[in-house]
Structures are given as C-alpha cells and as structure tokens.
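**Q** One structure, as structure tokens, below. Some questions next.
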Amino acid sequence: MRKIAQLMQPLVDQNILLGKEMVVLYESVQQFIVAEIDGEIVGYGALHVMWEHMGEVRTLGVIDRVRGKGVGHRLLTALEQHALRLGLSQLVSLTFEVEFFRRHGWRILPDAAPVVAADVYAELLRSPDEGIAEMLDLAHVKPNTLGNTRMLKTLRPAAAGSAPAAAGAAPAAVAGSTRENAERARDERLGDED
C-alpha cells in the first residue's frame, strides 16, 4: 500500500485524486487491484461495495508514463467485471476525470439526483466511511469534494456465449494486492490501445 500511496501523491497534488490517509488505504487493501509492467506497478484502482446492488470505483489512477496507453481502461474494465461477479448492478464514482468515465459508458449524476432509494440512503448515512459520505454529497465532506463529479454506470452481464470485454488481451489488472498476485502479474504485458 505504501507504493500505491507514493504513486497516488502526484495525482493528489494535481487534484485528480482525493488524498487518503495511510490507515484508510490499509483498511481497504482487499479492494485494490494493480497493473504492472515488468514488475513495476503502473496503475491501481479499488472497488468498494456500498450496498447489495451497488459499488463504488475508488482511487483509480495510472502513472504519467502510461497515460493514454490503455492501462486505466483495463483497470476500470477489471473493476467492472469484478463488480458483476459480486452481483452488483450499479457502480458510482466521484471523479475529476469525467471524459474518461464517459468513454466507458458512465453518465453524470445531476447534483440533486439521489444515488440510492430513500430507505438505502437512510442505512448508508450510518456508515463511518468517508467515501460513502462523499458520494451521498453530505455537507460535512463538501470541502473534500469540490470540483468532483458524481458518475453512475449500470452494469449488464455479458450475453451468454459472448466474449468478455478484454478477451484475447493479457490482463493488466491483478485481483487483490497481495505479493502473490503482484508476482503472478509481473510478466503480463499491456497493450497500447486506450
């Protein structure tokens, strides 16, 4: 997680990502996937389950050297596929990178639009998770989210017999963030498509 925090810092400094305390990163280690090239972590992202049908894509970023080379695309695709495997049907994200998410089928949630039904909203208010408070647009987290856009994607499982979105390509993302997963991904190569 220290390496991910180190890679995040330039994006935090550029106001592309919201900063996270190290303890928050460690508490969410199981939510992260990473992308590697020749053993070097070049991208990362997390999937946080919010409710029985909904998750949030968090802390998605790539290093400058690989921007525009498909790493972010593959990470987002892997997170979306993982969400489907978990039975989630909707994903939300709080982002400064609106066009990137739009290219991947996400849409902007209007400011007044509820993210969830009223009964679920009432339950989510009980969460101590700051990310959920940010997504719900609660007043006490407003200073952290100025300029961010709430986005939503409705997931649809692949039709029977159809190939997965990244079929034929070596996966850029590795489920989990354990040393074993990182070592398993070390030799995987990334394509140049976006």
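Going through the structure tokens in order, the chains are called A, B, and so on, while each chain numbers its residues from 1 and the ligands are numbered from 1 in the order shown.
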What's the 10 Å shell around A:Arg107, counting only C-alpha atoms, without same-chain residues fewer than 2 positions away, as a list of chain:residue names?

**A**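 Listed by chain and then number, they are A:Val92, A:Val98, A:Glu99, A:Phe101, A:Arg102, A:Arg103, A:His104, A:Gly105, A:Leu109, A:Pro110, A:Thr149, A:Arg150, A:Met151, A:Leu152, A:Lys153, A:Thr154.
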
**Q** Would you output that residue set with N, CA and C atoms, as a PDB file, in the first residue's frame?

**A**
ATOM      1  N   VAL A  92     -20.877   3.581  -8.910  1.00  0.00           N
ATOM      2  CA  VAL A  92     -20.765   5.027  -8.849  1.00  0.00           C
ATOM      3  C   VAL A  92     -19.295   5.380  -8.687  1.00  0.00           C
ATOM      4  N   VAL A  98     -14.034  13.167 -15.849  1.00  0.00           N
ATOM      5  CA  VAL A  98     -15.368  12.920 -16.399  1.00  0.00           C
ATOM      6  C   VAL A  98     -15.307  12.291 -17.785  1.00  0.00           C
ATOM      7  N   GLU A  99     -14.476  12.807 -18.662  1.00  0.00           N
ATOM      8  CA  GLU A  99     -14.434  12.293 -20.042  1.00  0.00           C
ATOM      9  C   GLU A  99     -13.951  10.848 -20.096  1.00  0.00           C
ATOM     10  N   PHE A 101     -14.440   8.504 -17.843  1.00  0.00           N
ATOM     11  CA  PHE A 101     -15.568   7.658 -17.446  1.00  0.00           C
ATOM     12  C   PHE A 101     -16.666   7.667 -18.505  1.00  0.00           C
ATOM     13  N   ARG A 102     -16.924   8.812 -19.125  1.00  0.00           N
ATOM     14  CA  ARG A 102     -17.943   8.868 -20.191  1.00  0.00           C
ATOM     15  C   ARG A 102     -17.592   7.914 -21.329  1.00  0.00           C
ATOM     16  N   ARG A 103     -16.325   7.890 -21.706  1.00  0.00           N
ATOM     17  CA  ARG A 103     -15.896   6.989 -22.792  1.00  0.00           C
ATOM     18  C   ARG A 103     -16.142   5.528 -22.442  1.00  0.00           C
ATOM     19  N   HIS A 104     -16.320   5.248 -21.172  1.00  0.00           N
ATOM     20  CA  HIS A 104     -16.546   3.875 -20.722  1.00  0.00           C
ATOM     21  C   HIS A 104     -17.998   3.618 -20.337  1.00  0.00           C
ATOM     22  N   GLY A 105     -18.902   4.472 -20.819  1.00  0.00           N
ATOM     23  CA  GLY A 105     -20.326   4.236 -20.630  1.00  0.00           C
ATOM     24  C   GLY A 105     -20.924   4.766 -19.344  1.00  0.00           C
ATOM     25  N   LEU A 109     -24.299  12.064 -12.741  1.00  0.00           N
ATOM     26  CA  LEU A 109     -25.471  12.159 -11.871  1.00  0.00           C
ATOM     27  C   LEU A 109     -25.708  13.637 -11.569  1.00  0.00           C
ATOM     28  N   PRO A 110     -26.888  14.161 -11.882  1.00  0.00           N
ATOM     29  CA  PRO A 110     -27.169  15.562 -11.534  1.00  0.00           C
ATOM     30  C   PRO A 110     -27.010  15.776 -10.029  1.00  0.00           C
ATOM     31  N   THR A 149     -17.170  15.221  -9.812  1.00  0.00           N
ATOM     32  CA  THR A 149     -18.442  14.908 -10.452  1.00  0.00           C
ATOM     33  C   THR A 149     -18.851  13.505 -10.045  1.00  0.00           C
ATOM     34  N   ARG A 150     -20.110  13.362  -9.627  1.00  0.00           N
ATOM     35  CA  ARG A 150     -20.642  12.038  -9.303  1.00  0.00           C
ATOM     36  C   ARG A 150     -21.092  11.386 -10.604  1.00  0.00           C
ATOM     37  N   MET A 151     -20.636  10.156 -10.824  1.00  0.00           N
ATOM     38  CA  MET A 151     -20.976   9.443 -12.053  1.00  0.00           C
ATOM     39  C   MET A 151     -21.534   8.069 -11.716  1.00  0.00           C
ATOM     40  N   LEU A 152     -22.309   7.519 -12.649  1.00  0.00           N
ATOM     41  CA  LEU A 152     -23.012   6.252 -12.446  1.00  0.00           C
ATOM     42  C   LEU A 152     -22.901   5.396 -13.695  1.00  0.00           C
ATOM     43  N   LYS A 153     -22.789   4.098 -13.486  1.00  0.00           N
ATOM     44  CA  LYS A 153     -22.863   3.148 -14.593  1.00  0.00           C
ATOM     45  C   LYS A 153     -23.732   1.978 -14.164  1.00  0.00           C
ATOM     46  N   THR A 154     -24.693   1.640 -15.010  1.00  0.00           N
ATOM     47  CA  THR A 154     -25.497   0.445 -14.800  1.00  0.00           C
ATOM     48  C   THR A 154     -24.794  -0.689 -15.519  1.00  0.00           C
TER      49      THR A 154
END

**Q** Record the distance separating atom CA of A:Gln81 and atom CA of A:Gly45, expressed in Å with one decimal.

**A**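 Atom-to-atom, atom CA of A:Gln81 and atom CA of A:Gly45 are spaced 13.0 Å apart.
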
**Q** Pick from A:Thr77, A:Gln30, A:Gln14, A:Gln90: nearest to A:Met50, with only C-alpha atoms counted?

**A**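 Of all the options, A:Gln90 lies closest to A:Met50.
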
**Q** Which of these residues is nearest to A:Trp106, using only C-alpha atoms: A:Glu40, A:Gly70, A:Val120, A:Val57?

**A**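 Smallest separation from A:Trp106 among the options: A:Val57.
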
**Q** Taking 2 positions as the minimum chain separation for residues in the same chain, which residues sit within 12 Å of A:Leu79 when counting only C-alpha atoms? Answer as a VMD selection string.

**A** chain A and resid 31 to 35 44 to 49 55 to 60 72 to 77 81 to 86 88 90 to 93 155 165 171 to 176

**Q** Can you write out the residues you just picked, keeping C-alpha atoms, as an mmCIF file, in the first residue's frame?

**A**
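As written to disk, selection25.cif reads:
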data_model
loop_
_atom_site.group_PDB
_atom_site.id
_atom_site.type_symbol
_atom_site.label_atom_id
_atom_site.label_comp_id
_atom_site.auth_asym_id
_atom_site.auth_seq_id
_atom_site.Cartn_x
_atom_site.Cartn_y
_atom_site.Cartn_z
ATOM 1 C CA GLN A 31 -10.476 -3.737 -2.513
ATOM 2 C CA PHE A 32 -7.469 -2.858 -4.687
ATOM 3 C CA ILE A 33 -6.164 -4.230 -7.943
ATOM 4 C CA VAL A 34 -2.933 -3.144 -9.579
ATOM 5 C CA ALA A 35 -1.492 -3.038 -13.079
ATOM 6 C CA TYR A 44 -4.239 0.908 -9.349
ATOM 7 C CA GLY A 45 -7.912 1.063 -8.536
ATOM 8 C CA ALA A 46 -10.376 -0.113 -5.917
ATOM 9 C CA LEU A 47 -13.922 -1.444 -5.811
ATOM 10 C CA HIS A 48 -15.844 -0.658 -2.630
ATOM 11 C CA VAL A 49 -19.175 -2.426 -2.118
ATOM 12 C CA GLY A 55 -20.395 -0.430 -5.535
ATOM 13 C CA GLU A 56 -18.034 2.482 -5.926
ATOM 14 C CA VAL A 57 -14.929 2.679 -8.102
ATOM 15 C CA ARG A 58 -12.357 4.489 -5.982
ATOM 16 C CA THR A 59 -8.782 5.650 -6.212
ATOM 17 C CA LEU A 60 -8.325 4.796 -9.898
ATOM 18 C CA GLY A 72 -6.756 2.901 -16.975
ATOM 19 C CA HIS A 73 -9.196 1.292 -19.404
ATOM 20 C CA ARG A 74 -8.124 -2.189 -18.375
ATOM 21 C CA LEU A 75 -8.214 -1.393 -14.681
ATOM 22 C CA LEU A 76 -11.721 0.068 -14.953
ATOM 23 C CA THR A 77 -12.878 -2.892 -17.047
ATOM 24 C CA GLN A 81 -16.129 -7.254 -14.250
ATOM 25 C CA HIS A 82 -15.331 -7.917 -10.591
ATOM 26 C CA ALA A 83 -18.456 -5.964 -9.612
ATOM 27 C CA LEU A 84 -20.535 -8.180 -11.908
ATOM 28 C CA ARG A 85 -19.021 -11.310 -10.325
ATOM 29 C CA LEU A 86 -20.077 -9.933 -6.939
ATOM 30 C CA LEU A 88 -23.553 -5.689 -8.326
ATOM 31 C CA GLN A 90 -24.626 -0.340 -10.468
ATOM 32 C CA LEU A 91 -21.361 1.459 -9.906
ATOM 33 C CA VAL A 92 -20.765 5.027 -8.849
ATOM 34 C CA SER A 93 -17.621 7.102 -8.808
ATOM 35 C CA LEU A 155 -23.760 -2.876 -15.349
ATOM 36 C CA ALA A 165 -14.624 -7.121 -22.866
ATOM 37 C CA PRO A 171 -4.937 -8.732 -18.220
ATOM 38 C CA ALA A 172 -3.391 -5.527 -16.950
ATOM 39 C CA ALA A 173 -5.143 -5.721 -13.623
ATOM 40 C CA VAL A 174 -4.473 -8.237 -10.929
ATOM 41 C CA ALA A 175 -7.216 -9.038 -8.430
ATOM 42 C CA GLY A 176 -6.123 -8.181 -4.934
#

**Q** Just how far from atom CA of A:Gly43 is atom CA of A:Leu7, in Å to one decimal?

**A** 8.2 Å

**Q** For A:Ile108, which of A:Arg67, A:Arg2, A:Gly87, A:Leu94 is the closest residue, counting only C-alpha atoms?

**A**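 Nearest to A:Ile108: A:Leu94.
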
**Q** Under the rule that only C-alpha atoms are counted, which of A:Gly147, A:Ser89, A:Phe100, A:Ala78 is the nearest residue to A:Leu18?

**A** A:Gly147

**Q** If you run DSSP on the backbone here, which positions in stretch 15-159 of chain A get strand (DSSP E)? Please write them as a ChimeraX atom specification.

**A** /A:32-37,40-51,54-62,90-95,107-108,149-154

**Q** Keeping only N, CA and C atoms, take the residues you just selected and write them out as a tab-separated table (two decimals), in the first residue's frame.

**A**
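result_13.tsv was written with the following content:
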chain	number	residue	atom	x	y	z
A	32	PHE	N	-8.34	-3.36	-3.63
A	32	PHE	CA	-7.47	-2.86	-4.69
A	32	PHE	C	-7.04	-3.93	-5.68
A	33	ILE	N	-6.87	-3.47	-6.91
A	33	ILE	CA	-6.16	-4.23	-7.94
A	33	ILE	C	-5.05	-3.32	-8.45
A	34	VAL	N	-4.04	-3.92	-9.03
A	34	VAL	CA	-2.93	-3.14	-9.58
A	34	VAL	C	-2.65	-3.59	-11.00
A	35	ALA	N	-2.00	-2.71	-11.75
A	35	ALA	CA	-1.49	-3.04	-13.08
A	35	ALA	C	0.02	-2.91	-13.01
A	36	GLU	N	0.70	-3.85	-13.63
A	36	GLU	CA	2.16	-3.84	-13.62
A	36	GLU	C	2.71	-4.00	-15.03
A	37	ILE	N	3.86	-3.40	-15.25
A	37	ILE	CA	4.65	-3.64	-16.45
A	37	ILE	C	6.06	-3.97	-15.97
A	40	GLU	N	6.82	-3.44	-12.34
A	40	GLU	CA	6.59	-2.11	-11.78
A	40	GLU	C	5.09	-1.82	-11.75
A	41	ILE	N	4.58	-1.40	-10.60
A	41	ILE	CA	3.18	-1.01	-10.51
A	41	ILE	C	3.01	0.30	-11.26
A	42	VAL	N	2.12	0.30	-12.26
A	42	VAL	CA	1.89	1.49	-13.08
A	42	VAL	C	0.46	2.01	-12.97
A	43	GLY	N	-0.39	1.28	-12.26
A	43	GLY	CA	-1.77	1.72	-12.10
A	43	GLY	C	-2.43	0.96	-10.97
A	44	TYR	N	-3.55	1.49	-10.50
A	44	TYR	CA	-4.24	0.91	-9.35
A	44	TYR	C	-5.68	1.39	-9.36
A	45	GLY	N	-6.51	0.67	-8.68
A	45	GLY	CA	-7.91	1.06	-8.54
A	45	GLY	C	-8.56	0.18	-7.49
A	46	ALA	N	-9.69	0.63	-6.97
A	46	ALA	CA	-10.38	-0.11	-5.92
A	46	ALA	C	-11.87	-0.18	-6.20
A	47	LEU	N	-12.47	-1.26	-5.75
A	47	LEU	CA	-13.92	-1.44	-5.81
A	47	LEU	C	-14.42	-1.58	-4.38
A	48	HIS	N	-15.27	-0.65	-3.97
A	48	HIS	CA	-15.84	-0.66	-2.63
A	48	HIS	C	-17.32	-0.99	-2.75
A	49	VAL	N	-17.76	-2.07	-2.10
A	49	VAL	CA	-19.17	-2.43	-2.12
A	49	VAL	C	-19.90	-1.52	-1.13
A	50	MET	N	-20.93	-0.82	-1.63
A	50	MET	CA	-21.70	0.11	-0.80
A	50	MET	C	-22.99	-0.51	-0.28
A	51	TRP	N	-23.61	-1.33	-1.12
A	51	TRP	CA	-24.91	-1.92	-0.78
A	51	TRP	C	-25.06	-3.17	-1.62
A	54	MET	N	-24.89	-2.17	-5.29
A	54	MET	CA	-24.11	-1.00	-5.69
A	54	MET	C	-22.71	-1.01	-5.11
A	55	GLY	N	-21.77	-0.60	-5.96
A	55	GLY	CA	-20.40	-0.43	-5.53
A	55	GLY	C	-19.86	0.90	-6.01
A	56	GLU	N	-18.68	1.24	-5.53
A	56	GLU	CA	-18.03	2.48	-5.93
A	56	GLU	C	-16.63	2.18	-6.43
A	57	VAL	N	-16.30	2.72	-7.60
A	57	VAL	CA	-14.93	2.68	-8.10
A	57	VAL	C	-14.20	3.84	-7.43
A	58	ARG	N	-13.12	3.50	-6.74
A	58	ARG	CA	-12.36	4.49	-5.98
A	58	ARG	C	-10.89	4.45	-6.36
A	59	THR	N	-10.24	5.58	-6.17
A	59	THR	CA	-8.78	5.65	-6.21
A	59	THR	C	-8.23	4.98	-7.47
A	60	LEU	N	-8.78	5.33	-8.62
A	60	LEU	CA	-8.32	4.80	-9.90
A	60	LEU	C	-7.30	5.75	-10.48
A	61	GLY	N	-6.10	5.26	-10.73
A	61	GLY	CA	-5.06	6.12	-11.29
A	61	GLY	C	-3.97	5.33	-11.96
A	62	VAL	N	-3.26	6.01	-12.86
A	62	VAL	CA	-2.10	5.43	-13.53
A	62	VAL	C	-0.97	6.46	-13.50
A	90	GLN	N	-24.93	-1.75	-10.25
A	90	GLN	CA	-24.63	-0.34	-10.47
A	90	GLN	C	-23.31	0.01	-9.81
A	91	LEU	N	-22.58	0.92	-10.47
A	91	LEU	CA	-21.36	1.46	-9.91
A	91	LEU	C	-21.45	2.97	-9.92
A	92	VAL	N	-20.88	3.58	-8.91
A	92	VAL	CA	-20.76	5.03	-8.85
A	92	VAL	C	-19.29	5.38	-8.69
A	93	SER	N	-18.97	6.61	-9.03
A	93	SER	CA	-17.62	7.10	-8.81
A	93	SER	C	-17.68	8.61	-8.65
A	94	LEU	N	-16.81	9.13	-7.83
A	94	LEU	CA	-16.65	10.56	-7.64
A	94	LEU	C	-15.33	10.90	-8.31
A	95	THR	N	-15.36	11.71	-9.38
A	95	THR	CA	-14.17	11.85	-10.20
A	95	THR	C	-13.99	13.25	-10.76
A	107	ARG	N	-22.37	7.84	-16.85
A	107	ARG	CA	-23.10	9.10	-17.04
A	107	ARG	C	-23.02	9.94	-15.77
A	108	ILE	N	-23.15	11.23	-15.95
A	108	ILE	CA	-23.11	12.16	-14.82
A	108	ILE	C	-24.41	12.09	-14.05
A	149	THR	N	-17.17	15.22	-9.81
A	149	THR	CA	-18.44	14.91	-10.45
A	149	THR	C	-18.85	13.51	-10.05
A	150	ARG	N	-20.11	13.36	-9.63
A	150	ARG	CA	-20.64	12.04	-9.30
A	150	ARG	C	-21.09	11.39	-10.60
A	151	MET	N	-20.64	10.16	-10.82
A	151	MET	CA	-20.98	9.44	-12.05
A	151	MET	C	-21.53	8.07	-11.72
A	152	LEU	N	-22.31	7.52	-12.65
A	152	LEU	CA	-23.01	6.25	-12.45
A	152	LEU	C	-22.90	5.40	-13.69
A	153	LYS	N	-22.79	4.10	-13.49
A	153	LYS	CA	-22.86	3.15	-14.59
A	153	LYS	C	-23.73	1.98	-14.16
A	154	THR	N	-24.69	1.64	-15.01
A	154	THR	CA	-25.50	0.44	-14.80
A	154	THR	C	-24.79	-0.69	-15.52

**Q** Determine which residues of stretch 50-106 of chain A DSSP labels as helix (DSSP H, G or I) from the backbone of this structure, then write them out as a tab-separated table (two decimals) with C-alpha atoms, in the first residue's frame.

**A**
chain	number	residue	atom	x	y	z
A	64	ASP	CA	2.03	9.62	-16.24
A	65	ARG	CA	4.29	7.44	-18.38
A	66	VAL	CA	1.41	5.07	-19.26
A	71	VAL	CA	-3.93	0.88	-18.52
A	72	GLY	CA	-6.76	2.90	-16.98
A	73	HIS	CA	-9.20	1.29	-19.40
A	74	ARG	CA	-8.12	-2.19	-18.37
A	75	LEU	CA	-8.21	-1.39	-14.68
A	76	LEU	CA	-11.72	0.07	-14.95
A	77	THR	CA	-12.88	-2.89	-17.05
A	78	ALA	CA	-11.44	-5.32	-14.49
A	79	LEU	CA	-13.18	-3.48	-11.63
A	80	GLU	CA	-16.49	-3.53	-13.54
A	81	GLN	CA	-16.13	-7.25	-14.25
A	82	HIS	CA	-15.33	-7.92	-10.59
A	83	ALA	CA	-18.46	-5.96	-9.61
A	84	LEU	CA	-20.54	-8.18	-11.91
A	85	ARG	CA	-19.02	-11.31	-10.33
A	98	VAL	CA	-15.37	12.92	-16.40
A	99	GLU	CA	-14.43	12.29	-20.04
A	100	PHE	CA	-12.53	9.11	-19.21
A	101	PHE	CA	-15.57	7.66	-17.45
A	102	ARG	CA	-17.94	8.87	-20.19
A	103	ARG	CA	-15.90	6.99	-22.79

**Q** When you count only C-alpha atoms, which of these residues is closest to A:Ile63: A:Ala117, A:Ile16, A:Met8, A:Met22?

**A**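 Result for the nearest residue to A:Ile63: A:Met8.
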
**Q** Interatomic distance between atom CA of A:Val115 and atom CA of A:Ser127?

**A**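 Here the two named atoms are 15.0 Å from each other.
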